[in-house]
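Listing of query.txt, compact mmCIF, C-alpha atoms
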# COMPACT_ATOMS: atom_id res chain seq x y z
CA MET A 103 -4.34 18.74 10.67
CA GLU A 104 -6.11 16.52 13.17
CA SER A 105 -5.28 14.96 16.50
CA SER A 106 -6.88 12.49 18.89
CA SER A 107 -8.67 13.96 21.86
CA ASN A 108 -8.65 12.32 25.30
CA GLY A 109 -11.32 11.96 27.94
CA ALA A 110 -14.97 11.50 27.06
CA ALA A 111 -14.41 12.10 23.37
CA ASP A 112 -11.28 10.01 22.91
CA THR A 113 -12.71 8.31 19.82
CA VAL A 114 -13.34 11.62 18.05
CA ARG A 115 -10.82 13.16 15.69
CA ARG A 116 -10.72 16.90 16.16
CA ALA A 117 -9.00 19.54 14.06
CA LEU A 118 -5.95 21.33 15.43
CA ALA A 119 -7.84 24.63 15.74
CA THR A 120 -10.50 22.90 17.84
CA GLU A 121 -7.96 21.18 20.08
CA ALA A 122 -6.14 24.50 20.56
CA VAL A 123 -9.30 26.01 22.05
CA HIS A 124 -10.62 23.04 24.05
CA ALA A 125 -7.73 20.74 25.07
CA GLY A 126 -7.14 20.92 28.82
CA ARG A 127 -10.51 22.58 29.43
CA GLU A 128 -12.97 19.69 28.98
CA ASP A 129 -13.86 19.51 32.68
CA LEU A 130 -14.76 23.18 33.12
CA THR A 131 -18.45 23.01 32.18
CA ALA A 132 -19.14 20.29 34.74
CA GLN A 133 -17.62 22.58 37.37
CA GLY A 134 -19.74 25.52 36.27
CA LEU A 135 -16.66 27.34 34.96
CA HIS A 136 -15.84 28.96 31.65
CA THR A 137 -12.32 30.26 32.26
CA PRO A 138 -9.71 27.89 33.73
CA PRO A 139 -8.92 28.70 37.37
CA ILE A 140 -5.43 29.67 38.52
CA ASP A 141 -4.28 27.49 41.42
CA LEU A 142 -1.55 29.41 43.25
CA SER A 143 -1.18 26.98 46.17
CA THR A 144 2.31 25.78 46.97
CA THR A 145 1.10 23.05 49.31
CA TYR A 146 -2.12 21.08 49.84
CA PRO A 147 -3.61 19.73 53.11
CA SER A 148 -4.06 16.00 53.70
CA HIS A 149 -5.14 14.15 56.84
CA ASP A 150 -4.17 10.78 55.34
CA SER A 151 -0.39 10.79 55.64
CA ARG A 152 -0.11 7.11 54.75
CA ASP A 153 -1.85 7.65 51.41
CA GLU A 154 0.24 10.74 50.78
CA ALA A 155 3.42 8.77 51.48
CA ALA A 156 2.39 6.09 48.97
CA ARG A 157 1.68 8.66 46.30
CA ILE A 158 5.01 10.37 46.89
CA ASP A 159 6.77 6.99 46.67
CA ALA A 160 5.15 6.34 43.28
CA PHE A 161 6.22 9.75 42.04
CA ALA A 162 9.78 9.35 43.31
CA ALA A 163 10.12 5.92 41.69
CA GLU A 164 8.62 6.57 38.25
CA GLY A 165 7.40 10.15 38.09
CA ILE A 166 3.78 9.00 38.18
CA LEU A 167 1.45 11.92 38.74
CA PRO A 168 -0.31 11.55 42.12
CA GLU A 169 -3.99 10.62 41.85
CA GLY A 170 -6.35 12.60 43.98
CA PRO A 171 -5.52 15.95 45.57
CA PRO A 172 -2.16 17.56 44.75
CA VAL A 173 0.63 17.21 47.28
CA TYR A 174 3.16 19.99 46.71
CA ALA A 175 3.68 22.41 43.84
CA ARG A 176 7.10 21.03 42.95
CA LEU A 177 5.49 17.69 42.06
CA GLY A 178 2.82 19.28 39.91
CA ASN A 179 0.21 22.01 39.66
CA PRO A 180 -3.35 21.76 38.30
CA THR A 181 -3.11 24.94 36.21
CA VAL A 182 0.20 23.95 34.65
CA ALA A 183 -1.21 20.46 34.03
CA ARG A 184 -3.94 21.97 31.85
CA PHE A 185 -1.33 23.56 29.60
CA GLU A 186 0.65 20.32 29.48
CA THR A 187 -2.47 18.44 28.39
CA GLY A 188 -3.21 21.00 25.70
CA LEU A 189 0.30 21.02 24.26
CA ALA A 190 0.53 17.22 24.26
CA ARG A 191 -2.69 17.01 22.29
CA LEU A 192 -1.50 19.60 19.76
CA GLU A 193 1.80 17.75 19.28
CA GLY A 194 0.15 14.34 19.20
CA THR A 195 2.09 12.87 22.12
CA GLY A 196 0.94 11.04 25.22
CA SER A 197 2.24 13.64 27.67
CA ALA A 198 4.08 16.91 28.08
CA VAL A 199 6.15 18.33 30.92
CA ALA A 200 6.49 22.08 31.43
CA PHE A 201 9.49 23.92 32.89
CA ALA A 202 10.50 27.41 33.92
CA SER A 203 12.26 28.05 30.57
CA GLY A 204 13.22 26.33 27.35
CA MET A 205 16.76 25.87 28.63
CA ALA A 206 15.45 24.27 31.82
CA ALA A 207 13.47 21.87 29.65
CA LEU A 208 16.51 20.94 27.54
CA SER A 209 18.64 20.59 30.68
CA ALA A 210 16.13 18.17 32.15
CA VAL A 211 16.28 15.98 29.04
CA LEU A 212 20.09 15.91 29.17
CA LEU A 213 20.08 15.12 32.88
CA ALA A 214 17.58 12.31 32.37
CA ARG A 215 19.79 10.68 29.75
CA SER A 216 22.95 11.22 31.84
CA ALA A 217 21.22 9.56 34.80
CA ALA A 218 20.86 6.48 32.60
CA GLY A 219 24.61 6.54 31.89
CA LEU A 220 24.10 7.94 28.37
CA ARG A 221 26.10 11.15 28.34
CA HIS A 222 26.91 11.38 24.64
CA VAL A 223 24.80 13.63 22.42
CA VAL A 224 24.79 13.88 18.63
CA ALA A 225 23.65 17.29 17.42
CA VAL A 226 23.21 19.17 14.17
CA ARG A 227 24.06 22.86 13.84
CA PRO A 228 22.72 25.46 13.81
CA LEU A 229 20.89 25.37 17.12
CA TYR A 230 19.74 28.17 19.35
CA GLY A 231 22.92 29.76 20.70
CA CYS A 232 22.40 28.82 24.36
CA SER A 233 21.54 25.22 23.41
CA ASP A 234 24.78 25.11 21.43
CA HIS A 235 26.72 26.52 24.38
CA LEU A 236 25.14 24.13 26.90
CA LEU A 237 26.29 21.17 24.80
CA THR A 238 29.68 22.50 23.72
CA ALA A 239 30.73 23.59 27.20
CA GLY A 240 29.70 20.26 28.76
CA LEU A 241 28.06 22.13 31.61
CA LEU A 242 25.92 19.12 32.54
CA GLY A 243 28.65 16.53 32.03
CA THR A 244 27.59 15.66 28.50
CA GLU A 245 29.82 15.16 25.47
CA VAL A 246 28.65 16.31 22.06
CA THR A 247 29.50 15.24 18.52
CA TRP A 248 28.48 17.80 15.92
CA THR A 249 27.55 16.47 12.51
CA ASP A 250 25.31 17.10 9.53
CA PRO A 251 22.12 15.07 9.11
CA ALA A 252 23.81 12.60 6.77
CA GLY A 253 26.45 11.79 9.41
CA ILE A 254 24.15 11.02 12.33
CA ALA A 255 24.20 7.23 12.02
CA ASP A 256 28.02 7.14 11.90
CA ALA A 257 28.26 9.45 14.93
CA LEU A 258 26.24 7.18 17.23
CA ARG A 259 28.06 5.36 20.04
CA PRO A 260 27.00 2.83 22.68
CA ASP A 261 26.73 5.69 25.18
CA THR A 262 24.75 8.02 22.90
CA GLY A 263 21.63 9.07 24.77
CA LEU A 264 20.16 11.68 22.46
CA VAL A 265 20.15 13.11 18.96
CA LEU A 266 19.21 16.78 18.81
CA VAL A 267 18.08 18.83 15.82
CA GLU A 268 16.20 22.10 15.37
CA THR A 269 14.09 22.57 12.26
CA PRO A 270 13.62 25.19 11.00
CA ALA A 271 16.84 26.10 12.75
CA ASN A 272 17.64 29.23 14.70
CA PRO A 273 18.59 31.58 13.07
CA THR A 274 19.26 30.40 9.49
CA LEU A 275 15.93 28.55 9.12
CA ALA A 276 17.74 25.52 7.71
CA GLU A 277 15.43 22.50 7.53
CA VAL A 278 16.07 18.79 8.00
CA ASP A 279 14.01 15.78 7.02
CA ILE A 280 12.73 14.64 10.41
CA ARG A 281 11.64 11.22 9.23
CA ALA A 282 15.04 10.51 7.63
CA VAL A 283 16.86 11.71 10.74
CA ALA A 284 14.66 9.58 12.99
CA HIS A 285 15.51 6.55 10.86
CA SER A 286 19.22 7.32 11.25
CA CYS A 287 18.85 7.44 15.04
CA GLY A 288 17.88 3.80 15.36
CA THR A 289 16.88 3.25 19.00
CA VAL A 290 18.42 6.51 20.23
CA PRO A 291 15.72 9.08 21.10
CA LEU A 292 15.44 11.99 18.67
CA LEU A 293 14.67 15.41 20.14
CA VAL A 294 13.37 18.02 17.71
CA ASP A 295 13.26 21.66 18.75
CA ASN A 296 9.94 22.72 17.23
CA THR A 297 9.91 26.27 18.58
CA PHE A 298 9.94 28.01 15.18
CA ALA A 299 7.40 25.78 13.44
CA THR A 300 4.99 25.03 16.31
CA PRO A 301 2.50 22.15 15.95
CA VAL A 302 0.56 24.38 13.55
CA LEU A 303 3.16 23.78 10.82
CA GLN A 304 4.69 20.43 11.81
CA ARG A 305 4.36 17.72 14.44
CA PRO A 306 7.71 15.95 14.75
CA ALA A 307 6.30 13.04 16.75
CA GLU A 308 4.34 11.98 13.66
CA HIS A 309 7.67 11.63 11.82
CA GLY A 310 9.53 9.59 14.43
CA ALA A 311 10.77 12.08 17.03
CA ARG A 312 10.35 10.83 20.58
CA LEU A 313 10.83 14.26 22.18
CA VAL A 314 9.55 17.64 20.98
CA LEU A 315 11.03 20.72 22.64
CA HIS A 316 9.56 24.22 22.75
CA SER A 317 10.73 27.45 24.18
CA ALA A 318 7.15 28.22 25.18
CA THR A 319 8.25 31.80 25.74
CA LYS A 320 7.88 32.23 21.99
CA TYR A 321 4.81 31.28 19.92
CA LEU A 322 3.02 29.19 22.53
CA GLY A 323 2.77 32.19 24.86
CA GLY A 324 2.73 34.55 21.93
CA HIS A 325 2.57 37.90 23.72
CA GLY A 326 6.04 38.43 25.14
CA ASP A 327 4.85 38.18 28.74
CA VAL A 328 5.67 34.64 29.86
CA MET A 329 8.87 32.59 30.09
CA ALA A 330 8.58 28.82 29.92
CA GLY A 331 9.72 25.61 28.26
CA VAL A 332 7.99 22.33 27.56
CA VAL A 333 8.83 18.85 26.28
CA ALA A 334 6.11 16.82 24.55
CA CYS A 335 6.83 13.09 24.76
CA ASP A 336 5.47 9.69 25.70
CA GLU A 337 4.39 9.05 29.28
CA GLU A 338 7.43 6.92 30.11
CA PHE A 339 9.86 9.72 29.33
CA ALA A 340 7.52 12.26 30.94
CA GLY A 341 7.90 10.39 34.21
CA GLN A 342 11.67 10.76 34.02
CA LEU A 343 11.35 14.47 33.30
CA ARG A 344 8.97 15.03 36.21
CA ARG A 345 11.47 13.41 38.57
CA ILE A 346 14.22 15.70 37.25
CA ARG A 347 11.94 18.73 37.56
CA PHE A 348 11.06 17.81 41.14
CA ALA A 349 14.70 17.32 42.11
CA THR A 350 16.10 20.41 40.37
CA GLY A 351 13.17 22.75 41.01
CA GLY A 352 12.78 24.02 37.45
CA VAL A 353 9.01 24.29 37.85
CA LEU A 354 6.68 26.56 35.91
CA HIS A 355 4.69 29.13 37.87
CA PRO A 356 0.90 28.62 37.73
CA LEU A 357 0.30 32.10 36.31
CA ALA A 358 2.66 31.26 33.45
CA GLY A 359 0.76 28.00 32.92
CA TYR A 360 -2.50 29.95 32.71
CA LEU A 361 -1.08 32.41 30.17
CA LEU A 362 0.29 29.55 28.07
CA LEU A 363 -3.04 27.74 28.01
CA ARG A 364 -4.64 30.98 26.88
CA GLY A 365 -1.92 31.36 24.25
CA LEU A 366 -2.64 27.92 22.81
CA ALA A 367 -6.21 28.95 22.03
CA THR A 368 -5.09 31.55 19.48
CA LEU A 369 -1.90 29.78 18.34
CA PRO A 370 -3.22 28.54 14.94
CA VAL A 371 -4.72 31.94 14.08
CA ARG A 372 -1.59 33.85 15.09
CA VAL A 373 0.87 31.54 13.35
CA ARG A 374 -1.07 31.43 10.09
CA ALA A 375 -1.63 35.20 9.97
CA ALA A 376 1.99 36.03 10.78
CA SER A 377 3.20 33.41 8.29
CA ALA A 378 1.22 34.98 5.45
CA THR A 379 2.80 38.34 6.16
CA ALA A 380 6.26 36.82 6.50
CA ALA A 381 5.98 35.10 3.12
CA GLU A 382 5.18 38.41 1.46
CA LEU A 383 8.01 40.25 3.25
CA ALA A 384 10.43 37.47 2.29
CA ARG A 385 9.37 37.88 -1.34
CA ARG A 386 9.99 41.62 -1.25
CA LEU A 387 13.33 41.26 0.52
CA ALA A 388 14.48 38.70 -2.05
CA ALA A 389 13.79 41.22 -4.82
CA ASP A 390 15.50 44.12 -3.05
CA PRO A 391 19.04 45.00 -4.24
CA ARG A 392 20.00 46.07 -0.71
CA VAL A 393 19.58 42.47 0.45
CA ALA A 394 22.24 39.90 -0.40
CA ARG A 395 20.30 36.76 0.53
CA VAL A 396 17.01 35.73 2.09
CA HIS A 397 16.43 32.57 4.12
CA TYR A 398 12.80 31.46 4.31
CA PRO A 399 11.81 27.84 5.00
CA LYS A 400 9.87 25.69 2.55
CA LEU A 401 7.66 24.85 5.51
CA GLY A 402 6.65 28.50 5.76
CA GLY A 403 6.31 30.23 9.08
CA ALA A 404 6.67 33.67 10.60
CA MET A 405 10.48 33.76 10.76
CA ILE A 406 12.74 35.33 8.14
CA ALA A 407 16.54 35.57 8.08
CA PHE A 408 18.28 37.82 5.59
CA GLU A 409 21.77 39.06 4.87
CA VAL A 410 22.34 42.69 3.92
CA HIS A 411 25.02 44.27 1.75
CA GLY A 412 25.35 47.17 4.20
CA ASP A 413 25.88 47.40 7.95
CA PRO A 414 23.32 45.22 9.80
CA HIS A 415 23.76 47.31 12.94
CA GLU A 416 22.50 50.35 11.07
CA VAL A 417 19.35 48.45 10.11
CA ILE A 418 18.76 47.62 13.77
CA ALA A 419 19.28 51.27 14.72
CA ARG A 420 16.86 52.63 12.10
CA VAL A 421 13.71 50.55 12.70
CA ARG A 422 10.87 52.46 14.34
CA LEU A 423 7.77 50.25 14.17
CA ILE A 424 9.63 46.96 14.37
CA THR A 425 10.99 46.22 17.85
CA PRO A 426 14.79 45.71 18.04
CA ALA A 427 14.89 42.97 20.66
CA VAL A 428 15.77 39.33 21.27
CA SER A 429 13.17 36.57 21.45
CA LEU A 430 10.50 35.86 18.84
CA GLY A 431 6.95 34.66 18.32
CA SER A 432 5.24 37.72 19.79
CA VAL A 433 2.29 39.61 18.33
CA ASP A 434 4.68 42.44 17.46
CA THR A 435 7.52 42.12 14.95
CA LEU A 436 11.03 41.75 16.39
CA ILE A 437 14.42 42.06 14.72
CA GLN A 438 17.85 41.16 16.04
CA HIS A 439 21.44 40.54 14.95
CA PRO A 440 22.24 36.91 15.93
CA ALA A 441 26.02 37.32 15.79
CA SER A 442 25.76 40.02 18.45
CA ILE A 443 23.12 38.53 20.72
CA SER A 444 21.42 35.14 20.43
CA HIS A 445 24.50 33.39 19.02
CA ARG A 446 27.20 35.60 20.55
CA ILE A 447 28.07 32.81 22.98
CA VAL A 448 28.87 30.38 20.13
CA ASP A 449 32.52 30.23 19.00
CA THR A 450 33.00 32.45 15.95
CA ALA A 451 34.32 29.68 13.71
CA ASP A 452 31.49 27.35 14.73
CA ARG A 453 28.95 30.11 14.22
CA HIS A 454 30.24 30.94 10.75
CA GLY A 455 30.42 27.24 9.89
CA ALA A 456 26.74 26.92 10.74
CA GLY A 457 25.89 29.77 8.37
CA VAL A 458 25.40 32.47 11.00
CA GLY A 459 27.31 35.26 9.32
CA ASP A 460 28.04 38.76 10.56
CA ARG A 461 25.58 40.39 8.14
CA LEU A 462 22.67 38.10 9.00
CA LEU A 463 19.54 39.58 10.56
CA ARG A 464 16.64 37.60 12.03
CA LEU A 465 13.09 38.90 11.76
CA SER A 466 10.19 37.50 13.78
CA VAL A 467 7.08 38.72 11.98
CA GLY A 468 4.10 39.67 14.10
CA LEU A 469 0.51 40.66 13.40
CA GLU A 470 0.96 44.20 12.12
CA ASP A 471 -0.17 45.31 8.66
CA THR A 472 2.14 44.11 5.89
CA GLU A 473 2.51 47.54 4.27
CA ASP A 474 3.37 49.22 7.56
CA LEU A 475 6.02 46.61 8.28
CA TRP A 476 7.50 46.91 4.80
CA ALA A 477 7.63 50.70 5.02
CA ASP A 478 9.59 50.47 8.27
CA LEU A 479 11.87 47.68 7.06
CA SER A 480 12.56 49.36 3.73
CA GLY A 481 13.39 52.61 5.47
CA ALA A 482 15.72 50.79 7.85
CA LEU A 483 17.60 49.22 4.94
CA GLY A 484 18.70 52.72 3.89
CA GLU A 485 19.26 54.28 0.50
CA ARG A 486 18.45 52.14 -2.48
CA VAL A 487 21.33 51.48 -4.84
CA PRO A 488 20.53 53.32 -8.11
CA ALA A 489 19.78 50.94 -10.95
CA PRO A 490 22.29 51.06 -13.82
CA VAL A 491 21.18 53.40 -16.57
CA PRO A 492 20.57 51.52 -19.86
CA LEU A 493 23.19 52.33 -22.48
CA HIS A 494 20.72 53.68 -25.04
CA GLU A 495 19.26 56.08 -22.46
CA ALA A 496 22.73 57.24 -21.50
CA VAL A 497 23.57 57.96 -25.13
CA ASN A 498 20.33 59.88 -25.65

Could you quickly redo this structure as structure tokens?
Amino acid sequence: MESSSNGAADTVRRALATEAVHAGREDLTAQGLHTPPIDLSTTYPSHDSRDEAARIDAFAAEGILPEGPPVYARLGNPTVARFETGLARLEGTGSAVAFASGMAALSAVLLARSAAGLRHVVAVRPLYGCSDHLLTAGLLGTEVTWTDPAGIADALRPDTGLVLVETPANPTLAEVDIRAVAHSCGTVPLLVDNTFATPVLQRPAEHGARLVLHSATKYLGGHGDVMAGVVACDEEFAGQLRRIRFATGGVLHPLAGYLLLRGLATLPVRVRAASATAAELARRLAADPRVARVHYPKLGGAMIAFEVHGDPHEVIARVRLITPAVSLGSVDTLIQHPASISHRIVDTADRHGAGVGDRLLRLSVGLEDTEDLWADLSGALGERVPAPVPLHEAVN
């Protein structure tokens, strides 16, 4: 997969793996640097208060990033900006805006649309449980209509400001045709939560999505040590999001921005390696009589969902190598019971209707050896059900 690079080489098409390593770092050599610096300043000195006032006016009006020295960390930060540049290039969008968490990023999108008088949202289940709750509870003054992909066009209203889908979806890994959904949206912006796939497996903007959401806590960071969210989009919408971020304070800490930029460099390698292991584990689970059903996306990826015949809580209790914990996308393999944790906040009937059953387990496959993971997972599934003895053997 290729993407356009900006700056001095903006006419060159570079592969995703190359962009992952270099995007956001092109200026380092000229500065005599190899590793990106971490700018921890909260404020920046300026003796030209008139110029600073003009730059702040431009930001307040349209969210235009101030040219020249930074002003204040709530407007923007140089370290975070490097990550934003890198992620935008990987997703193939003009800009990206980072936030303190994935939920802060989604909240900013909803607030931006509400500020334009467009409070209605059309959404497709399943979504991440907290995203579902944020919409259903109307915590930001929005109203949601839940539908399946085929019903999106009929669900649109004059005050619809956003269509929201997640594909592959959390936790069932259900997939939607992004291009078809984008066509159904007409002029309404489509937001695709791309957390599970990452730009390594799909780039929604290439298929008509205007907004691409990530919980950067997951694969983009990749090591379970940073919490963040980011929206990749065009520059016009980025300006709106920066204004919301400035007003609400949902900024990303510079150290988190540094860790995320570092995470991008290894993102293609990590996702592809974990995906290969996940595909093999999904194959083995599908053939195991202790497993009722396996969900694994056609797109591939490092996420597996599976339903067990036995008690899913016992599986959680018996893993030893695999980490029983929420979140996903780390270098180590994580398992959790969505009905108890990530989707506990979703109404039971709505959760079941979206395919999130009580026996469903979600596995985020990491970078461990396949055989070691299978040994732990197989042991956690418990006693194998004895195969029926063939009649002729029974007679003999």

Padded axis-aligned box of stretch 131-134 of chain A (4 Å per side), centre and edge lengths, Å, one decimal, as lines of an AutoDock Vina configuration file:
center_x = -18.7
center_y = 22.9
center_z = 34.8
size_x = 10.1
size_y = 13.2
size_z = 13.2

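All residues that come within 10 Å of the coordinates (6.5, 13.0, 10.5), counting only C-alpha atoms, are given as Asp279, Ile280, Arg281, Ala282, Ala284, Gln304, Arg305, Pro306, Ala307, Glu308, His309, Gly310 and Ala311 of chain A.
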
### Message
Just checking: using all atoms listed in the file, which residue out of A:His445, A:Gly402, A:Gly253, A:Leu242 ends up closest to A:Ala210?
### Response
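Among the listed residues, A:Leu242 lies closest to A:Ala210.
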
### Protein and nucleic acid residues near (-3.2, 24.6, 21.4) (cut-off 10 Å, all atoms listed in the file) as a PyMOL selection string
chain A and resi 118-126+185-193+300-302+322+362-370

### Query
To one decimal place, how far is atom CA of A:His222 from atom CA of A:Leu264 in Å?
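Straight-line distance from atom CA of A:His222 to atom CA of A:Leu264 works out to 7.1 Å.
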
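Distance-wise, atom CA of A:Ser466 and atom CA of A:Gly323 end up 14.4 Å apart.
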